[in-house]
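Source file: work.csv; contents: CSV, C-alpha atoms.
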chain,number,residue,atom,x,y,z
A,1,MET,CA,19.2,120.8,152.1
A,2,LYS,CA,20.3,122.0,155.5
A,3,LEU,CA,18.1,123.7,158.1
A,4,LYS,CA,19.5,126.3,160.6
A,5,LEU,CA,18.0,128.8,162.9
A,6,ASP,CA,18.1,132.5,162.4
A,7,THR,CA,19.6,133.2,165.8
A,8,LYS,CA,19.6,136.9,165.3
A,9,LYS,CA,15.8,137.0,165.1
A,10,ILE,CA,15.5,134.6,168.0
A,11,TYR,CA,17.8,136.6,170.3
A,12,LEU,CA,16.0,139.8,169.4
A,13,ALA,CA,12.6,138.2,170.2
A,14,MET,CA,14.1,136.8,173.5
A,15,ALA,CA,15.3,140.3,174.4
A,16,GLU,CA,12.0,141.9,173.6
A,17,LYS,CA,10.2,139.4,175.8
A,18,GLY,CA,12.8,139.3,178.5
A,19,LEU,CA,13.4,135.5,178.2
A,20,THR,CA,16.5,133.4,178.5
A,21,ALA,CA,17.2,130.0,177.0
A,22,THR,CA,16.5,128.5,180.5
A,23,GLU,CA,13.1,130.1,180.6
A,24,ILE,CA,12.3,128.9,177.1
A,25,ALA,CA,13.2,125.4,178.1
A,26,LYS,CA,11.1,125.6,181.3
A,27,ARG,CA,8.1,126.9,179.4
A,28,SER,CA,8.4,124.2,176.7
A,29,GLY,CA,9.4,121.1,178.6
A,30,ILE,CA,12.6,120.5,176.7
A,31,SER,CA,16.1,120.6,178.1
A,32,GLN,CA,18.0,123.8,178.5
A,33,GLN,CA,20.9,122.1,176.8
A,34,SER,CA,18.8,121.4,173.7
A,35,VAL,CA,17.7,125.1,173.5
A,36,SER,CA,21.2,126.4,174.1
A,37,SER,CA,22.7,124.0,171.5
A,38,ALA,CA,20.2,125.2,168.9
A,39,LEU,CA,20.8,128.9,169.7
A,40,ASN,CA,24.6,128.5,169.5
A,41,GLY,CA,24.2,127.2,166.0
A,42,ASN,CA,25.6,123.8,166.8
A,43,ARG,CA,22.5,121.9,165.6
A,44,ILE,CA,18.8,122.1,165.8
A,45,GLY,CA,18.7,118.7,167.4
A,46,ARG,CA,15.4,117.1,168.3
A,47,VAL,CA,12.3,117.8,166.3
A,48,LYS,CA,10.7,119.4,169.4
A,49,VAL,CA,13.2,122.3,169.7
A,50,VAL,CA,11.9,124.5,166.9
A,51,PRO,CA,8.2,124.3,167.9
A,52,ALA,CA,9.2,124.9,171.5
A,53,ILE,CA,11.2,128.1,170.7
A,54,CYS,CA,8.4,129.3,168.4
A,55,GLN,CA,5.7,128.8,171.0
A,56,ALA,CA,7.7,130.5,173.8
A,57,LEU,CA,8.5,133.5,171.6
A,58,GLU,CA,5.2,133.6,169.7
A,59,LEU,CA,6.9,133.2,166.4
A,60,SER,CA,6.3,130.8,163.4
A,61,ALA,CA,8.9,128.4,162.1
A,62,LYS,CA,8.9,130.6,158.9
A,63,ASP,CA,10.3,133.4,161.1
A,64,ILE,CA,13.2,131.5,162.5
A,65,VAL,CA,14.2,128.6,160.2
A,66,ILE,CA,16.6,129.2,157.3
A,67,ILE,CA,16.8,126.6,154.6
A,68,GLU,CA,20.1,126.3,152.8
A,69,ASP,CA,20.8,124.3,149.7

What does the file become when written as structure tokens?
Amino acid sequence: MKLKLDTKKIYLAMAEKGLTATEIAKRSGISQQSVSSALNGNRIGRVKVVPAICQALELSAKDIVIIED
């Protein structure tokens, strides 16, 4: 089982709220590099990244995480 982010939904929510990856990082206290890496589809990385993105964009993990077999 592999987890990945639905970056289309994330980027849409970022645009609607006028947020950048840097602003999400600042709001959540994680590094901008971690947020950018996750958004570029490289890897989700640390456990804190998904909740941080969810909190900043007011989304649930169900909205942005895709589970692949």

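In this model, the gap between CA of Gly18 (chain A) and CA of Ala38 (chain A) comes to 18.6 Å.
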
Original post:
So which residues touch region 46-60 of chain A within 8 Å, counting only C-alpha atoms, skipping near sequence neighbours fewer than 5 positions away, as a list in words?
Top reply: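 Selected residues are Ile10, Ala13, Met14, Lys17, Ile24, Ala25, Arg27, Ser28, Ile30, Ser34, Val35 and Ala38 of chain A.
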
Assuming 8 Å of padding per side, give the centre and edge lengths of the axis-aligned box around every listed atom of region 24-34 of chain A, in Å to one decimal and as JSON.
{"center_x": 14.5, "center_y": 124.7, "center_z": 177.5, "size_x": 28.8, "size_y": 24.4, "size_z": 23.6}

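Contact shell of Met1 (chain A) at 9 Å (all atoms listed in the file; same-chain neighbours under 4 positions omitted): Ile67, Glu68 and Asp69 of chain A.
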
Within 10 Å of (22.3, 128.8, 168.0) (file coordinates; all atoms listed in the file), which protein or nucleic acid residues are there? I'd like them as a JSON list (two decimals) with C-alpha atoms, in the coordinates of the input.
[["chain", "number", "residue", "atom", "x", "y", "z"],
["A", 4, "LYS", "CA", 19.50, 126.30, 160.60],
["A", 5, "LEU", "CA", 18.00, 128.80, 162.90],
["A", 6, "ASP", "CA", 18.10, 132.50, 162.40],
["A", 7, "THR", "CA", 19.60, 133.20, 165.80],
["A", 8, "LYS", "CA", 19.60, 136.90, 165.30],
["A", 10, "ILE", "CA", 15.50, 134.60, 168.00],
["A", 11, "TYR", "CA", 17.80, 136.60, 170.30],
["A", 34, "SER", "CA", 18.80, 121.40, 173.70],
["A", 35, "VAL", "CA", 17.70, 125.10, 173.50],
["A", 36, "SER", "CA", 21.20, 126.40, 174.10],
["A", 37, "SER", "CA", 22.70, 124.00, 171.50],
["A", 38, "ALA", "CA", 20.20, 125.20, 168.90],
["A", 39, "LEU", "CA", 20.80, 128.90, 169.70],
["A", 40, "ASN", "CA", 24.60, 128.50, 169.50],
["A", 41, "GLY", "CA", 24.20, 127.20, 166.00],
["A", 42, "ASN", "CA", 25.60, 123.80, 166.80],
["A", 43, "ARG", "CA", 22.50, 121.90, 165.60],
["A", 44, "ILE", "CA", 18.80, 122.10, 165.80]]

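Atom pair CA of Lys2 (chain A) / CA of Thr22 (chain A): separated by 26.1 Å.
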
Subject >> Straight-line distance linking CA of Leu3 (chain A) with CA of Ile64 (chain A), stated in Å to one decimal >> reply: 10.2 Å

Quick one: region 47-65 of chain A from the block, N, CA and C atoms, as a compact mmCIF listing (two decimals), in the first residue's frame.
# COMPACT_ATOMS: atom_id res chain seq x y z
N VAL A 47 5.55 12.48 9.22
CA VAL A 47 4.15 12.28 9.58
C VAL A 47 3.42 13.61 9.75
N LYS A 48 4.13 14.65 10.12
CA LYS A 48 3.51 15.95 10.39
C LYS A 48 3.06 16.70 9.13
N VAL A 49 3.54 16.31 7.97
CA VAL A 49 3.28 17.08 6.75
C VAL A 49 1.80 17.08 6.38
N VAL A 50 1.17 15.92 6.34
CA VAL A 50 -0.23 15.84 5.93
C VAL A 50 -1.13 16.62 6.89
N PRO A 51 -1.02 16.42 8.20
CA PRO A 51 -1.87 17.22 9.10
C PRO A 51 -1.62 18.72 8.97
N ALA A 52 -0.37 19.11 8.72
CA ALA A 52 -0.05 20.53 8.58
C ALA A 52 -0.73 21.12 7.35
N ILE A 53 -0.68 20.41 6.24
CA ILE A 53 -1.33 20.89 5.02
C ILE A 53 -2.84 20.93 5.22
N CYS A 54 -3.38 19.90 5.86
CA CYS A 54 -4.82 19.86 6.12
C CYS A 54 -5.26 21.03 6.98
N GLN A 55 -4.53 21.29 8.03
CA GLN A 55 -4.89 22.39 8.93
C GLN A 55 -4.83 23.73 8.21
N ALA A 56 -3.78 23.96 7.47
CA ALA A 56 -3.60 25.25 6.79
C ALA A 56 -4.68 25.48 5.75
N LEU A 57 -5.14 24.41 5.10
CA LEU A 57 -6.12 24.55 4.02
C LEU A 57 -7.53 24.20 4.45
N GLU A 58 -7.69 23.87 5.73
CA GLU A 58 -9.00 23.50 6.27
C GLU A 58 -9.62 22.33 5.50
N LEU A 59 -8.80 21.30 5.30
CA LEU A 59 -9.23 20.09 4.62
C LEU A 59 -8.99 18.90 5.55
N SER A 60 -9.61 17.77 5.24
CA SER A 60 -9.32 16.56 6.00
C SER A 60 -8.35 15.70 5.20
N ALA A 61 -7.71 14.77 5.87
CA ALA A 61 -6.78 13.87 5.19
C ALA A 61 -7.51 13.07 4.11
N LYS A 62 -8.78 12.76 4.34
CA LYS A 62 -9.57 12.03 3.34
C LYS A 62 -9.67 12.81 2.03
N ASP A 63 -9.62 14.13 2.14
CA ASP A 63 -9.71 14.98 0.96
C ASP A 63 -8.45 14.97 0.10
N ILE A 64 -7.29 14.75 0.72
CA ILE A 64 -6.04 14.94 -0.03
C ILE A 64 -5.13 13.72 -0.12
N VAL A 65 -5.42 12.65 0.60
CA VAL A 65 -4.55 11.47 0.56
C VAL A 65 -5.18 10.40 -0.31
